$ cat structure.csv   # CSV, N, CA and C atoms
chain,number,residue,atom,x,y,z
A,1,MET,N,102.9,102.0,117.2
A,1,MET,CA,101.8,101.9,116.4
A,1,MET,C,101.8,100.6,115.7
A,2,ARG,N,100.7,99.9,115.7
A,2,ARG,CA,100.5,98.6,115.0
A,2,ARG,C,99.1,98.5,114.5
A,3,ALA,N,98.9,98.1,113.3
A,3,ALA,CA,97.5,98.0,112.8
A,3,ALA,C,97.4,96.9,111.8
A,4,ALA,N,96.2,96.3,111.7
A,4,ALA,CA,96.0,95.3,110.7
A,4,ALA,C,94.6,95.4,110.1
A,5,PRO,N,94.3,96.4,109.4
A,5,PRO,CA,93.0,96.6,108.8
A,5,PRO,C,92.9,95.6,107.6
A,6,ARG,N,91.6,95.3,107.3
A,6,ARG,CA,91.3,94.5,106.1
A,6,ARG,C,90.9,95.4,105.0
A,7,CYS,N,91.3,95.1,103.8
A,7,CYS,CA,90.9,95.9,102.7
A,7,CYS,C,90.1,95.1,101.7
A,8,SER,N,89.1,95.7,101.2
A,8,SER,CA,88.3,95.1,100.0
A,8,SER,C,88.6,96.1,98.9
A,9,CYS,N,89.3,95.7,97.9
A,9,CYS,CA,89.9,96.5,96.9
A,9,CYS,C,89.0,96.6,95.6
A,10,VAL,N,88.8,97.8,95.1
A,10,VAL,CA,88.0,98.0,94.0
A,10,VAL,C,88.9,98.5,92.9
A,11,GLY,N,88.7,98.0,91.7
A,11,GLY,CA,89.5,98.5,90.5
A,11,GLY,C,90.9,97.9,90.5
A,12,ALA,N,91.1,96.8,91.3
A,12,ALA,CA,92.4,96.2,91.3
A,12,ALA,C,92.4,94.9,90.4
A,13,PRO,N,93.5,94.4,90.1
A,13,PRO,CA,93.5,93.1,89.4
A,13,PRO,C,92.7,92.1,90.2
A,14,LEU,N,92.1,91.2,89.5
A,14,LEU,CA,91.2,90.2,90.1
A,14,LEU,C,91.8,89.4,91.2
A,15,ASP,N,93.2,89.2,91.1
A,15,ASP,CA,93.8,88.4,92.2
A,15,ASP,C,94.3,89.3,93.3
A,16,HIS,N,93.9,90.6,93.4
A,16,HIS,CA,94.4,91.5,94.4
A,16,HIS,C,93.2,92.3,95.0
A,17,THR,N,92.1,91.6,95.2
A,17,THR,CA,90.9,92.3,95.7
A,17,THR,C,90.6,92.3,97.2
A,18,ASN,N,91.3,91.4,97.9
A,18,ASN,CA,91.1,91.3,99.4
A,18,ASN,C,92.5,91.0,100.0
A,19,GLY,N,92.7,91.5,101.2
A,19,GLY,CA,93.9,91.2,101.9
A,19,GLY,C,93.9,91.9,103.3
A,20,THR,N,95.0,91.7,104.0
A,20,THR,CA,95.2,92.3,105.3
A,20,THR,C,96.5,93.1,105.3
A,21,ILE,N,96.3,94.4,105.8
A,21,ILE,CA,97.5,95.3,105.8
A,21,ILE,C,98.0,95.3,107.2
A,22,GLN,N,99.3,95.1,107.4
A,22,GLN,CA,99.9,95.1,108.7
A,22,GLN,C,101.1,96.2,108.6
A,23,PHE,N,101.2,97.0,109.6
A,23,PHE,CA,102.3,98.0,109.6
A,23,PHE,C,102.7,98.3,111.0
A,24,THR,N,104.0,98.6,111.2
A,24,THR,CA,104.5,99.1,112.4
A,24,THR,C,105.4,100.3,112.2
A,25,GLY,N,105.5,101.1,113.2
A,25,GLY,CA,106.3,102.3,113.0
A,25,GLY,C,106.6,103.0,114.3
A,26,ASN,N,107.3,104.1,114.2
A,26,ASN,CA,107.6,105.0,115.3
A,26,ASN,C,107.3,106.4,115.0
A,27,GLY,N,106.9,107.1,116.0
A,27,GLY,CA,106.6,108.6,115.9
A,27,GLY,C,105.7,109.0,116.9
A,28,GLN,N,105.4,110.3,116.9
A,28,GLN,CA,104.4,110.9,117.8
A,28,GLN,C,103.1,111.2,117.1
A,29,LEU,N,102.1,110.4,117.4
A,29,LEU,CA,100.8,110.6,116.8
A,29,LEU,C,99.7,110.8,117.8
A,30,SER,N,98.7,111.6,117.4
A,30,SER,CA,97.5,111.7,118.2
A,30,SER,C,96.4,111.5,117.2
A,31,CYS,N,95.2,111.7,117.6
A,31,CYS,CA,94.0,111.5,116.7
A,31,CYS,C,93.9,112.7,115.7
A,32,VAL,N,94.6,113.8,116.0
A,32,VAL,CA,94.4,115.0,115.2
A,32,VAL,C,95.7,115.6,114.6
A,33,ALA,N,96.9,115.0,115.0
A,33,ALA,CA,98.1,115.5,114.5
A,33,ALA,C,99.3,114.5,114.7
A,34,GLY,N,100.4,114.8,114.1
A,34,GLY,CA,101.6,114.0,114.3
A,34,GLY,C,102.1,113.3,113.1
A,35,ASN,N,103.3,112.8,113.2
A,35,ASN,CA,104.0,112.1,112.1
A,35,ASN,C,104.6,110.8,112.6
A,36,SER,N,104.8,109.9,111.7
A,36,SER,CA,105.4,108.6,112.0
A,36,SER,C,106.1,108.0,110.7
A,37,SER,N,106.9,107.0,110.9
A,37,SER,CA,107.4,106.3,109.7
A,37,SER,C,107.6,104.8,110.1
A,38,GLY,N,107.7,104.0,109.1
A,38,GLY,CA,107.9,102.6,109.4
A,38,GLY,C,107.8,101.7,108.2
A,39,SER,N,107.4,100.5,108.4
A,39,SER,CA,107.3,99.5,107.3
A,39,SER,C,106.0,98.7,107.4
A,40,GLY,N,105.6,98.1,106.3
A,40,GLY,CA,104.4,97.3,106.4
A,40,GLY,C,104.3,96.3,105.3
A,41,ARG,N,103.2,95.5,105.3
A,41,ARG,CA,103.0,94.6,104.2
A,41,ARG,C,101.5,94.3,104.0
A,42,ILE,N,101.2,93.9,102.8
A,42,ILE,CA,99.9,93.5,102.5
A,42,ILE,C,99.9,92.0,102.1
A,43,ASN,N,99.2,91.2,102.9
A,43,ASN,CA,99.0,89.8,102.6
A,43,ASN,C,97.7,89.6,101.8
A,44,TRP,N,97.9,89.4,100.5
A,44,TRP,CA,96.7,89.2,99.7
A,44,TRP,C,96.0,87.9,99.9
A,45,GLN,N,94.7,87.9,99.9
A,45,GLN,CA,94.0,86.7,100.2
A,45,GLN,C,94.2,85.6,99.1
A,46,ASN,N,94.6,85.9,97.9
A,46,ASN,CA,94.8,85.0,96.8
A,46,ASN,C,96.2,84.3,97.0
A,47,ASP,N,96.2,83.0,97.1
A,47,ASP,CA,97.5,82.3,97.3
A,47,ASP,C,98.5,82.5,96.1
A,48,HIS,N,98.0,82.9,95.0
A,48,HIS,CA,98.9,83.1,93.8
A,48,HIS,C,99.5,84.5,93.8
A,49,ALA,N,99.1,85.4,94.7
A,49,ALA,CA,99.7,86.8,94.7
A,49,ALA,C,100.8,86.8,95.7
A,50,SER,N,101.8,87.6,95.4
A,50,SER,CA,103.0,87.8,96.4
A,50,SER,C,102.7,88.8,97.4
A,51,THR,N,103.1,88.6,98.6
A,51,THR,CA,103.0,89.6,99.7
A,51,THR,C,103.7,90.9,99.2
A,52,THR,N,103.0,92.0,99.4
A,52,THR,CA,103.5,93.4,99.0
A,52,THR,C,104.1,94.0,100.3
A,53,THR,N,105.4,94.4,100.3
A,53,THR,CA,106.0,95.1,101.4
A,53,THR,C,106.3,96.5,101.0
A,54,PHE,N,106.3,97.4,102.0
A,54,PHE,CA,106.5,98.8,101.7
A,54,PHE,C,107.1,99.5,102.9
A,55,ASP,N,107.7,100.6,102.7
A,55,ASP,CA,108.2,101.6,103.7
A,55,ASP,C,107.3,102.8,103.6
A,56,TYR,N,107.0,103.5,104.7
A,56,TYR,CA,106.1,104.6,104.6
A,56,TYR,C,106.5,105.7,105.6
A,57,THR,N,105.9,106.9,105.3
A,57,THR,CA,105.8,108.0,106.3
A,57,THR,C,104.3,108.2,106.5
A,58,ALA,N,103.9,108.7,107.7
A,58,ALA,CA,102.5,108.9,107.9
A,58,ALA,C,102.3,110.2,108.6
A,59,ALA,N,101.1,110.7,108.5
A,59,ALA,CA,100.7,111.9,109.2
A,59,ALA,C,99.2,111.7,109.6
A,60,ALA,N,98.9,112.2,110.8
A,60,ALA,CA,97.5,112.1,111.2
A,60,ALA,C,97.0,113.5,111.2
A,61,GLY,N,95.7,113.6,110.9
A,61,GLY,CA,95.1,114.9,110.8
A,61,GLY,C,93.6,114.8,110.8
A,62,VAL,N,92.9,116.0,110.8
A,62,VAL,CA,91.4,116.0,110.8
A,62,VAL,C,91.0,116.6,109.5
A,63,ARG,N,90.1,115.9,108.9
A,63,ARG,CA,89.5,116.3,107.6
A,63,ARG,C,88.2,117.1,107.8
A,64,PRO,N,87.8,117.8,106.8
A,64,PRO,CA,86.5,118.6,107.0
A,64,PRO,C,85.4,117.6,107.5
A,65,GLY,N,84.6,118.1,108.4
A,65,GLY,CA,83.6,117.4,109.1
A,65,GLY,C,84.1,116.7,110.3
A,66,GLY,N,85.4,116.9,110.7
A,66,GLY,CA,85.9,116.4,112.0
A,66,GLY,C,86.3,115.0,112.0
A,67,VAL,N,86.5,114.4,110.8
A,67,VAL,CA,86.9,113.0,110.8
A,67,VAL,C,88.4,112.9,110.9
A,68,SER,N,88.9,112.1,111.9
A,68,SER,CA,90.4,111.9,112.1
A,68,SER,C,90.9,110.8,111.2
A,69,VAL,N,92.0,111.1,110.5
A,69,VAL,CA,92.5,110.1,109.5
A,69,VAL,C,94.0,110.0,109.7
A,70,LEU,N,94.5,108.9,109.4
A,70,LEU,CA,96.0,108.6,109.3
A,70,LEU,C,96.3,108.3,107.8
A,71,VAL,N,97.2,109.0,107.2
A,71,VAL,CA,97.6,108.8,105.8
A,71,VAL,C,99.0,108.3,105.7
A,72,LEU,N,99.2,107.1,105.2
A,72,LEU,CA,100.5,106.6,105.0
A,72,LEU,C,100.9,106.7,103.5
A,73,THR,N,102.0,107.2,103.2
A,73,THR,CA,102.5,107.2,101.8
A,73,THR,C,103.9,106.6,101.8
A,74,GLY,N,104.2,105.9,100.7
A,74,GLY,CA,105.5,105.3,100.6
A,74,GLY,C,105.7,104.6,99.3
A,75,GLN,N,106.7,103.7,99.3
A,75,GLN,CA,107.2,103.0,98.1
A,75,GLN,C,107.1,101.5,98.4
A,76,VAL,N,106.5,100.8,97.4
A,76,VAL,CA,106.5,99.3,97.5
A,76,VAL,C,107.9,98.8,97.2
A,77,LYS,N,108.4,98.0,98.2
A,77,LYS,CA,109.8,97.5,98.2
A,77,LYS,C,109.9,96.2,97.5
A,78,SER,N,109.0,95.3,97.8
A,78,SER,CA,109.1,93.9,97.2
A,78,SER,C,107.7,93.3,97.0
A,79,GLY,N,107.7,92.2,96.3
A,79,GLY,CA,106.4,91.5,96.0
A,79,GLY,C,105.7,92.2,94.9
A,80,ASP,N,104.4,91.9,94.9
A,80,ASP,CA,103.5,92.5,93.8
A,80,ASP,C,103.5,94.0,93.9
A,81,PHE,N,103.6,94.6,92.8
A,81,PHE,CA,103.6,96.1,92.6
A,81,PHE,C,104.9,96.8,93.0
A,82,GLN,N,106.0,96.0,93.1
A,82,GLN,CA,107.3,96.6,93.4
A,82,GLN,C,107.6,97.8,92.6
A,83,GLY,N,108.1,98.8,93.3
A,83,GLY,CA,108.5,100.1,92.6
A,83,GLY,C,107.3,101.1,92.6
A,84,SER,N,106.1,100.7,92.9
A,84,SER,CA,104.9,101.6,92.8
A,84,SER,C,104.8,102.4,94.1
A,85,THR,N,104.1,103.5,94.0
A,85,THR,CA,103.8,104.3,95.1
A,85,THR,C,102.5,103.8,95.8
A,86,ILE,N,102.6,103.8,97.2
A,86,ILE,CA,101.4,103.3,97.9
A,86,ILE,C,100.9,104.4,98.8
A,87,ILE,N,99.6,104.5,98.8
A,87,ILE,CA,98.9,105.5,99.7
A,87,ILE,C,97.8,104.8,100.4
A,88,ILE,N,97.8,104.8,101.8
A,88,ILE,CA,96.8,104.2,102.6
A,88,ILE,C,96.2,105.2,103.5
A,89,GLU,N,94.9,105.4,103.4
A,89,GLU,CA,94.2,106.4,104.3
A,89,GLU,C,93.3,105.6,105.2
A,90,ILE,N,93.5,105.7,106.5
A,90,ILE,CA,92.7,105.0,107.5
A,90,ILE,C,91.9,106.0,108.3
A,91,VAL,N,90.6,105.8,108.4
A,91,VAL,CA,89.8,106.6,109.3
A,91,VAL,C,90.0,106.2,110.7
A,92,LEU,N,90.5,107.1,111.6
A,92,LEU,CA,90.9,106.7,113.0
A,92,LEU,C,89.7,106.8,113.9
A,93,ALA,N,88.9,107.8,113.8
A,93,ALA,CA,87.8,108.0,114.8
A,93,ALA,C,86.5,108.4,114.1
A,94,PRO,N,85.8,107.4,113.5
A,94,PRO,CA,84.6,107.7,112.7
A,94,PRO,C,83.4,108.0,113.6
A,95,ALA,N,83.4,107.5,114.8
A,95,ALA,CA,82.2,107.6,115.7
A,95,ALA,C,82.5,108.6,116.8
A,96,PRO,N,81.5,109.3,117.3
A,96,PRO,CA,81.7,110.3,118.3
A,96,PRO,C,82.3,109.7,119.6
A,97,ALA,N,82.0,108.5,120.0
A,97,ALA,CA,82.6,107.9,121.2
A,97,ALA,C,84.1,107.7,121.0
A,98,GLN,N,84.5,107.3,119.8
A,98,GLN,CA,85.9,107.2,119.5
A,98,GLN,C,86.6,108.5,119.5
A,99,THR,N,86.0,109.5,119.0
A,99,THR,CA,86.5,110.9,119.0
A,99,THR,C,86.7,111.3,120.4
A,100,LEU,N,85.8,111.1,121.3
A,100,LEU,CA,86.0,111.5,122.7
A,100,LEU,C,87.1,110.7,123.3
A,101,GLN,N,87.3,109.5,123.0
A,101,GLN,CA,88.3,108.7,123.6
A,101,GLN,C,89.7,109.2,123.2
A,102,CYS,N,89.8,109.9,122.0
A,102,CYS,CA,91.0,110.5,121.6
A,102,CYS,C,91.5,111.6,122.6
A,103,LEU,N,90.5,112.2,123.3
A,103,LEU,CA,90.8,113.3,124.2
A,103,LEU,C,91.2,112.8,125.6
A,104,THR,N,91.2,111.5,125.9
A,104,THR,CA,91.6,111.0,127.2
A,104,THR,C,93.1,110.8,127.3
A,105,PRO,N,93.6,110.7,128.5
A,105,PRO,CA,95.1,110.6,128.6
A,105,PRO,C,95.6,109.3,127.9
A,106,ASN,N,94.8,108.2,127.9
A,106,ASN,CA,95.2,106.9,127.3
A,106,ASN,C,95.1,107.0,125.8
A,107,GLY,N,94.3,107.9,125.3
A,107,GLY,CA,94.1,108.0,123.8
A,107,GLY,C,93.3,106.8,123.2
A,108,LEU,N,93.3,106.7,122.0
A,108,LEU,CA,92.6,105.7,121.2
A,108,LEU,C,93.5,104.5,121.0
A,109,ASP,N,93.0,103.4,121.5
A,109,ASP,CA,93.9,102.2,121.3
A,109,ASP,C,93.3,101.2,120.3
A,110,THR,N,92.1,101.4,119.8
A,110,THR,CA,91.5,100.6,118.8
A,110,THR,C,90.5,101.4,118.0
A,111,SER,N,90.3,101.1,116.8
A,111,SER,CA,89.4,101.8,116.0
A,111,SER,C,88.9,101.0,114.8
A,112,SER,N,87.8,101.3,114.3
A,112,SER,CA,87.3,100.6,113.1
A,112,SER,C,86.8,101.7,112.2
A,113,GLY,N,87.1,101.6,110.9
A,113,GLY,CA,86.6,102.6,110.0
A,113,GLY,C,87.1,102.2,108.6
A,114,ALA,N,86.8,103.1,107.7
A,114,ALA,CA,87.1,102.9,106.3
A,114,ALA,C,88.6,102.9,106.0
A,115,VAL,N,89.1,102.1,105.1
A,115,VAL,CA,90.5,102.1,104.7
A,115,VAL,C,90.5,102.3,103.2
A,116,ASN,N,91.2,103.3,102.7
A,116,ASN,CA,91.3,103.5,101.3
A,116,ASN,C,92.8,103.2,100.9
A,117,LEU,N,93.0,102.2,100.0
A,117,LEU,CA,94.3,101.8,99.6
A,117,LEU,C,94.5,102.1,98.1
A,118,GLN,N,95.5,102.8,97.8
A,118,GLN,CA,95.9,103.1,96.4
A,118,GLN,C,97.3,102.7,96.1
A,119,ILE,N,97.5,102.0,95.0
A,119,ILE,CA,98.8,101.6,94.5
A,119,ILE,C,98.9,102.2,93.1
A,120,LEU,N,99.8,103.1,93.0
A,120,LEU,CA,100.0,103.9,91.7
A,120,LEU,C,101.2,103.5,91.0

$ encode --input "structure.csv" --output "structure tokens"
Amino acid sequence: MRAAPRCSCVGAPLDHTNGTIQFTGNGQLSCVAGNSSGSGRINWQNDHASTTTFDYTAAAGVRPGGVSVLVLTGQVKSGDFQGSTIIIEIVLAPAPAQTLQCLTPNGLDTSSGAVNLQIL
């Protein structure tokens, strides 16, 4: 698993409103179930902000309305927000065509959808 969604952050400090999330991990995931773990980082668009690195565990599931999501939860290990809890929710299959692709033997290899990032 590898992903690099962009985030536009609301309610964050002004120097942490945009960035790119990258994460890698191992586990058994489908569009509707499974677990994974790994590490990641957030490269903030502001040159004065430090890269945020984190370890996570993840679970995929289906929300009410049939929306497939991947939820990563973990701890910020270094950089800005060190010691904080991080929660990243990624919509995996927001469109019917992508949902159908989840059912094929090759599965879903790319997706676009909403990303919700919380650092607590």

$ atom_distance --input "structure.csv" --atom1 "atom CA of Gly74 of chain A" --atom2 "atom CA of Gln98 of chain A"
27.3 Å

$ atom_distance --input "structure.csv" --atom1 "atom CA of Gln82 of chain A" --atom2 "atom CA of Ser111 of chain A"
29.3 Å

$ residues_around --input "structure.csv" --residues "segment 28-32 of chain A" --least-positions-apart "3" --cutoff "12 Å" --atoms "only C-alpha atoms" --output "PyMOL selection string"
chain A and resi 1+25+35-37+57-64+66-71+90-94+98-111

$ select_by_dssp --input "structure.csv" --residues "segment 62-113 of chain A" --states "alpha helix (DSSP H)" --output "PyMOL selection string"
chain A and resi 96-102

$ atom_distance --input "structure.csv" --atom1 "atom CA of Thr53 of chain A" --atom2 "atom CA of Thr17 of chain A"
16.4 Å

$ residues_around --input "structure.csv" --residues "Phe54 of chain A" --least-positions-apart "4" --cutoff "7 Å" --atoms "only N, CA and C atoms" --output "PyMOL selection string"
chain A and resi 38-42+74-78

$ write_last_selection --input "structure.csv" --atoms "N, CA and C atoms" --output "PDB file, in the frame of the given file"
ATOM      1  N   GLY A  38     107.700 104.000 109.100  1.00  0.00           N
ATOM      2  CA  GLY A  38     107.900 102.600 109.400  1.00  0.00           C
ATOM      3  C   GLY A  38     107.800 101.700 108.200  1.00  0.00           C
ATOM      4  N   SER A  39     107.400 100.500 108.400  1.00  0.00           N
ATOM      5  CA  SER A  39     107.300  99.500 107.300  1.00  0.00           C
ATOM      6  C   SER A  39     106.000  98.700 107.400  1.00  0.00           C
ATOM      7  N   GLY A  40     105.600  98.100 106.300  1.00  0.00           N
ATOM      8  CA  GLY A  40     104.400  97.300 106.400  1.00  0.00           C
ATOM      9  C   GLY A  40     104.300  96.300 105.300  1.00  0.00           C
ATOM     10  N   ARG A  41     103.200  95.500 105.300  1.00  0.00           N
ATOM     11  CA  ARG A  41     103.000  94.600 104.200  1.00  0.00           C
ATOM     12  C   ARG A  41     101.500  94.300 104.000  1.00  0.00           C
ATOM     13  N   ILE A  42     101.200  93.900 102.800  1.00  0.00           N
ATOM     14  CA  ILE A  42      99.900  93.500 102.500  1.00  0.00           C
ATOM     15  C   ILE A  42      99.900  92.000 102.100  1.00  0.00           C
ATOM     16  N   GLY A  74     104.200 105.900 100.700  1.00  0.00           N
ATOM     17  CA  GLY A  74     105.500 105.300 100.600  1.00  0.00           C
ATOM     18  C   GLY A  74     105.700 104.600  99.300  1.00  0.00           C
ATOM     19  N   GLN A  75     106.700 103.700  99.300  1.00  0.00           N
ATOM     20  CA  GLN A  75     107.200 103.000  98.100  1.00  0.00           C
ATOM     21  C   GLN A  75     107.100 101.500  98.400  1.00  0.00           C
ATOM     22  N   VAL A  76     106.500 100.800  97.400  1.00  0.00           N
ATOM     23  CA  VAL A  76     106.500  99.300  97.500  1.00  0.00           C
ATOM     24  C   VAL A  76     107.900  98.800  97.200  1.00  0.00           C
ATOM     25  N   LYS A  77     108.400  98.000  98.200  1.00  0.00           N
ATOM     26  CA  LYS A  77     109.800  97.500  98.200  1.00  0.00           C
ATOM     27  C   LYS A  77     109.900  96.200  97.500  1.00  0.00           C
ATOM     28  N   SER A  78     109.000  95.300  97.800  1.00  0.00           N
ATOM     29  CA  SER A  78     109.100  93.900  97.200  1.00  0.00           C
ATOM     30  C   SER A  78     107.700  93.300  97.000  1.00  0.00           C
TER      31      SER A  78
END

$ select_by_dssp --input "structure.csv" --residues "chain A" --states "strand (DSSP E)" --output "count of residues only"
66
